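Novice: Handing you a structure now.
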Amino acid sequence: MENNFTTLIDNYFAAWNETDPGRRQQIIANTWAEDATYLDPLMRGEGHSGIDAMIAGVQQQFAGLEFRQTGTIDSHNNTARFSWHLGPKDAPPVAGGTDFATVRDGKLASVTGFLDFAPAQK
């Protein structure tokens, strides 16, 4: 299962960083269960279209920035924990956090995110 988590989390970040809508939607369909959910303190998405719309909104708000995994994936049973940063390629991040994922039938069923630091909300 560890290798599967690595692939899923790699694809998770690929979806967050993919700016082409068609390619992003394909990554989401291959990575997330149809009824998957995402939830963090600032937003939520449900199903493939809801998760895609949420990611598109984040990309618009933080244009030119990318998500990067930090550290290693910690997993057991059908759950995983991993950390991330958002920022320019070769500069300090502007946001970071830790996400908790559950997997069902080889796809992400839910992701709950916690923010460690983020820009102030306007």
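Going through the structure tokens in order, the chains are called A, B, and so on, while each chain numbers its residues from 1 and the ligands are numbered from 1 in the order shown.
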DSSP on the backbone, then: every residue of range 56-121 of chain A marked helix (DSSP H, G or I), written as a PDB file with C-alpha atoms, in the first residue's frame.
Specialist:
ATOM      1  CA  ALA A  56      -8.991  26.320 -10.195  1.00  0.00           C
ATOM      2  CA  GLY A  57      -9.947  29.007  -7.669  1.00  0.00           C
ATOM      3  CA  VAL A  58      -6.758  28.487  -5.663  1.00  0.00           C
ATOM      4  CA  GLN A  59      -4.694  28.649  -8.863  1.00  0.00           C
ATOM      5  CA  GLN A  60      -6.348  31.942  -9.774  1.00  0.00           C
ATOM      6  CA  GLN A  61      -5.726  33.392  -6.311  1.00  0.00           C
TER       7      GLN A  61
END
Novice: Would you list the contacts of Ala101 in chain A as an NGL selection string, taking every protein, DNA or RNA residue within 8 Å and counting only C-alpha atoms, but skipping same-chain residues closer than 5 positions in sequence?
Specialist: :A and (79-81 or 108-112)
Novice: So which residues touch Ile27 in chain A within 8 Å, counting only C-alpha atoms, skipping near sequence neighbours fewer than 4 positions away, as a ChimeraX atom specification?
Specialist: /A:11,14-15,23,31
Novice: Those selected residues, please, written with C-alpha atoms and delivered as a tab-separated table (two decimals), in the first residue's frame.
Specialist:
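Writing the result to selection10.tsv gives the following:
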chain	number	residue	atom	x	y	z
A	11	ASN	CA	-0.94	12.77	-8.36
A	14	ALA	CA	0.06	17.15	-9.82
A	15	ALA	CA	-3.64	18.08	-9.81
A	23	ARG	CA	-5.37	17.60	-17.92
A	31	THR	CA	-6.78	10.01	-8.40
Novice: Do a neighbour search on range 87-94 of chain A at 9 Å with only C-alpha atoms, toss out local chain neighbours closer than 2 positions, and write the hits as a PyMOL selection string.
Specialist: chain A and resi 62+64-68+85+96+117-119
Novice: Produce a file of the selected residues containing N, CA and C atoms, as a short mmCIF file (atom, residue, chain, number, x, y, z; two decimals), in the first residue's frame.
Specialist:
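The result, written out as again.cif:
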data_model
loop_
_atom_site.label_atom_id
_atom_site.label_comp_id
_atom_site.auth_asym_id
_atom_site.auth_seq_id
_atom_site.Cartn_x
_atom_site.Cartn_y
_atom_site.Cartn_z
N PHE A 62 -3.55 32.30 -6.39
CA PHE A 62 -2.11 32.18 -6.16
C PHE A 62 -1.38 31.85 -7.47
N GLY A 64 1.00 31.37 -10.44
CA GLY A 64 2.45 31.29 -10.53
C GLY A 64 3.11 30.55 -9.37
N LEU A 65 2.34 30.19 -8.35
CA LEU A 65 2.89 29.46 -7.23
C LEU A 65 2.62 27.98 -7.41
N GLU A 66 3.41 27.13 -6.72
CA GLU A 66 3.20 25.70 -6.85
C GLU A 66 3.20 25.03 -5.49
N PHE A 67 2.48 23.92 -5.41
CA PHE A 67 2.45 23.10 -4.21
C PHE A 67 3.57 22.08 -4.29
N ARG A 68 4.26 21.88 -3.15
CA ARG A 68 5.34 20.91 -3.06
C ARG A 68 5.16 20.09 -1.78
N HIS A 85 4.10 22.73 1.11
CA HIS A 85 4.32 24.18 1.04
C HIS A 85 3.75 24.68 -0.27
N GLY A 96 1.72 26.83 4.12
CA GLY A 96 2.09 25.44 4.34
C GLY A 96 1.11 24.77 5.26
N PHE A 117 0.63 27.73 8.25
CA PHE A 117 0.79 29.16 8.05
C PHE A 117 0.21 29.52 6.70
N ALA A 118 -0.32 30.73 6.58
CA ALA A 118 -0.95 31.18 5.34
C ALA A 118 -1.02 32.70 5.32
N PRO A 119 -1.18 33.28 4.12
CA PRO A 119 -1.36 34.73 4.06
C PRO A 119 -2.63 35.15 4.78
#
Novice: Report the distance between CA of Ser49 in chain A and CA of Trp84 in chain A in Å, rounded to one decimal place.
Specialist: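 So the answer is 23.1 Å.
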Novice: For each of A:Ala63, A:Leu42, A:Val103, A:Ala95, take the minimum atom-to-atom distance to Asp116 in chain A, counting only C-alpha atoms, then give the residue where this is smallest.
Specialist: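 The shortest atom-to-atom distance to Asp116 in chain A comes from A:Ala95.
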Novice: What does the structure give for the distance between CA of Tyr12 in chain A and CA of Ala120 in chain A, in Å to one decimal?
Specialist: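 For CA of Tyr12 in chain A relative to CA of Ala120 in chain A, the distance reads 24.9 Å.
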Novice: Quick one: of A:Gln26, A:Asp20, A:Arg44, A:Tyr38, who's nearest to Thr102 in chain A, counting only C-alpha atoms?
Specialist: A:Tyr38
Novice: Here is a test: counting only C-alpha atoms, which residue of A:Asp40, A:Asp35, A:Asp52, A:Glu46 is nearest to Gly113 in chain A?
Specialist: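 Closest candidate: A:Asp40.
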Novice: Quick one: pick out all strand (DSSP E or B) residues within chain A from a backbone DSSP run and write them as a VMD selection string.
Specialist: chain A and resid 32 to 39 44 to 46 66 to 76 79 to 87 95 to 104 107 to 117
Novice: Those residues you just picked out, can you put them in a file as a compact mmCIF listing (two decimals), in the first residue's frame with N, CA and C atoms?
Specialist:
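Everything below was put into result-v9.txt:
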# COMPACT_ATOMS: atom_id res chain seq x y z
N TRP A 32 -8.96 10.64 -7.54
CA TRP A 32 -10.01 10.81 -6.53
C TRP A 32 -11.21 9.92 -6.85
N ALA A 33 -11.85 9.37 -5.81
CA ALA A 33 -13.12 8.68 -5.97
C ALA A 33 -14.18 9.68 -6.44
N GLU A 34 -15.19 9.20 -7.15
CA GLU A 34 -16.21 10.10 -7.69
C GLU A 34 -16.91 10.91 -6.60
N ASP A 35 -17.09 10.34 -5.42
CA ASP A 35 -17.78 11.03 -4.33
C ASP A 35 -16.80 11.58 -3.29
N ALA A 36 -15.56 11.79 -3.69
CA ALA A 36 -14.51 12.25 -2.76
C ALA A 36 -14.83 13.65 -2.23
N THR A 37 -14.23 13.95 -1.09
CA THR A 37 -14.38 15.27 -0.48
C THR A 37 -13.02 15.84 -0.10
N TYR A 38 -12.95 17.17 -0.11
CA TYR A 38 -11.79 17.90 0.37
C TYR A 38 -12.31 18.96 1.33
N LEU A 39 -11.62 19.15 2.45
CA LEU A 39 -12.04 20.13 3.44
C LEU A 39 -10.81 20.69 4.13
N ARG A 44 -13.87 24.00 0.65
CA ARG A 44 -14.28 22.60 0.56
C ARG A 44 -14.64 22.30 -0.88
N GLY A 45 -14.52 21.04 -1.23
CA GLY A 45 -14.91 20.58 -2.56
C GLY A 45 -15.48 19.19 -2.45
N GLU A 46 -16.51 18.90 -3.26
CA GLU A 46 -17.13 17.58 -3.24
C GLU A 46 -17.25 17.06 -4.65
N GLU A 66 3.41 27.13 -6.72
CA GLU A 66 3.20 25.70 -6.85
C GLU A 66 3.20 25.03 -5.49
N PHE A 67 2.48 23.92 -5.41
CA PHE A 67 2.45 23.10 -4.21
C PHE A 67 3.57 22.08 -4.29
N ARG A 68 4.26 21.88 -3.15
CA ARG A 68 5.34 20.91 -3.06
C ARG A 68 5.16 20.09 -1.78
N GLN A 69 5.35 18.81 -1.89
CA GLN A 69 5.34 17.97 -0.70
C GLN A 69 6.61 18.25 0.09
N THR A 70 6.48 18.30 1.40
CA THR A 70 7.64 18.43 2.27
C THR A 70 7.68 17.20 3.17
N GLY A 71 8.85 16.69 3.42
CA GLY A 71 8.96 15.52 4.28
C GLY A 71 8.47 14.26 3.58
N THR A 72 8.13 13.28 4.39
CA THR A 72 7.72 11.98 3.87
C THR A 72 6.24 11.74 4.18
N ILE A 73 5.68 10.79 3.50
CA ILE A 73 4.29 10.38 3.74
C ILE A 73 4.28 9.39 4.89
N ASP A 74 3.43 9.65 5.86
CA ASP A 74 3.23 8.74 6.98
C ASP A 74 1.89 8.05 6.75
N SER A 75 1.88 6.72 6.66
CA SER A 75 0.62 6.04 6.34
C SER A 75 0.46 4.75 7.13
N HIS A 76 -0.78 4.38 7.32
CA HIS A 76 -1.14 3.08 7.87
C HIS A 76 -2.58 2.78 7.46
N THR A 79 -5.09 5.22 5.52
CA THR A 79 -4.95 6.64 5.81
C THR A 79 -3.50 7.08 5.60
N ALA A 80 -3.35 8.37 5.31
CA ALA A 80 -2.01 8.93 5.13
C ALA A 80 -1.99 10.36 5.65
N ARG A 81 -0.80 10.77 6.07
CA ARG A 81 -0.56 12.14 6.52
C ARG A 81 0.66 12.65 5.76
N PHE A 82 0.58 13.87 5.25
CA PHE A 82 1.70 14.45 4.52
C PHE A 82 1.64 15.96 4.63
N SER A 83 2.80 16.58 4.49
CA SER A 83 2.89 18.04 4.61
C SER A 83 3.28 18.66 3.28
N TRP A 84 3.02 19.96 3.17
CA TRP A 84 3.22 20.66 1.90
C TRP A 84 3.55 22.13 2.14
N HIS A 85 4.10 22.73 1.11
CA HIS A 85 4.32 24.18 1.04
C HIS A 85 3.75 24.68 -0.27
N LEU A 86 3.33 25.94 -0.28
CA LEU A 86 2.89 26.64 -1.49
C LEU A 86 3.78 27.86 -1.65
N GLY A 87 4.39 27.99 -2.82
CA GLY A 87 5.23 29.16 -3.04
C GLY A 87 5.89 29.14 -4.40
N ALA A 95 2.65 29.68 2.14
CA ALA A 95 1.69 28.91 2.94
C ALA A 95 2.21 27.49 3.09
N GLY A 96 1.72 26.83 4.12
CA GLY A 96 2.09 25.44 4.34
C GLY A 96 1.11 24.77 5.26
N GLY A 97 1.08 23.46 5.21
CA GLY A 97 0.16 22.74 6.07
C GLY A 97 0.40 21.25 6.05
N THR A 98 -0.52 20.55 6.69
CA THR A 98 -0.50 19.10 6.75
C THR A 98 -1.89 18.59 6.38
N ASP A 99 -1.93 17.60 5.52
CA ASP A 99 -3.18 17.02 5.06
C ASP A 99 -3.27 15.57 5.51
N PHE A 100 -4.50 15.13 5.74
CA PHE A 100 -4.80 13.76 6.12
C PHE A 100 -5.73 13.19 5.06
N ALA A 101 -5.36 12.06 4.49
CA ALA A 101 -6.14 11.46 3.41
C ALA A 101 -6.63 10.08 3.80
N THR A 102 -7.79 9.73 3.28
CA THR A 102 -8.28 8.36 3.37
C THR A 102 -8.40 7.83 1.95
N VAL A 103 -8.13 6.55 1.81
CA VAL A 103 -8.14 5.91 0.50
C VAL A 103 -9.19 4.79 0.51
N ARG A 104 -9.92 4.71 -0.60
CA ARG A 104 -10.91 3.65 -0.79
C ARG A 104 -10.78 3.14 -2.21
N LYS A 107 -8.24 4.91 -4.55
CA LYS A 107 -8.35 6.33 -4.88
C LYS A 107 -8.57 7.13 -3.60
N LEU A 108 -8.28 8.43 -3.68
CA LEU A 108 -8.53 9.30 -2.53
C LEU A 108 -10.03 9.40 -2.30
N ALA A 109 -10.46 9.10 -1.08
CA ALA A 109 -11.87 9.23 -0.71
C ALA A 109 -12.12 10.55 -0.01
N SER A 110 -11.15 10.99 0.78
CA SER A 110 -11.28 12.28 1.46
C SER A 110 -9.89 12.81 1.79
N VAL A 111 -9.80 14.13 1.80
CA VAL A 111 -8.60 14.81 2.26
C VAL A 111 -9.07 15.93 3.18
N THR A 112 -8.49 15.98 4.38
CA THR A 112 -8.75 17.06 5.33
C THR A 112 -7.44 17.78 5.55
N GLY A 113 -7.43 19.08 5.27
CA GLY A 113 -6.22 19.86 5.37
C GLY A 113 -6.19 20.78 6.57
N PHE A 114 -5.02 20.95 7.15
CA PHE A 114 -4.79 21.89 8.23
C PHE A 114 -3.70 22.85 7.80
N LEU A 115 -3.89 24.13 8.03
CA LEU A 115 -2.92 25.15 7.65
C LEU A 115 -1.96 25.41 8.80
N ASP A 116 -0.67 25.33 8.51
CA ASP A 116 0.35 25.67 9.50
C ASP A 116 0.65 27.16 9.45
N PHE A 117 0.63 27.73 8.25
CA PHE A 117 0.79 29.16 8.05
C PHE A 117 0.21 29.52 6.70
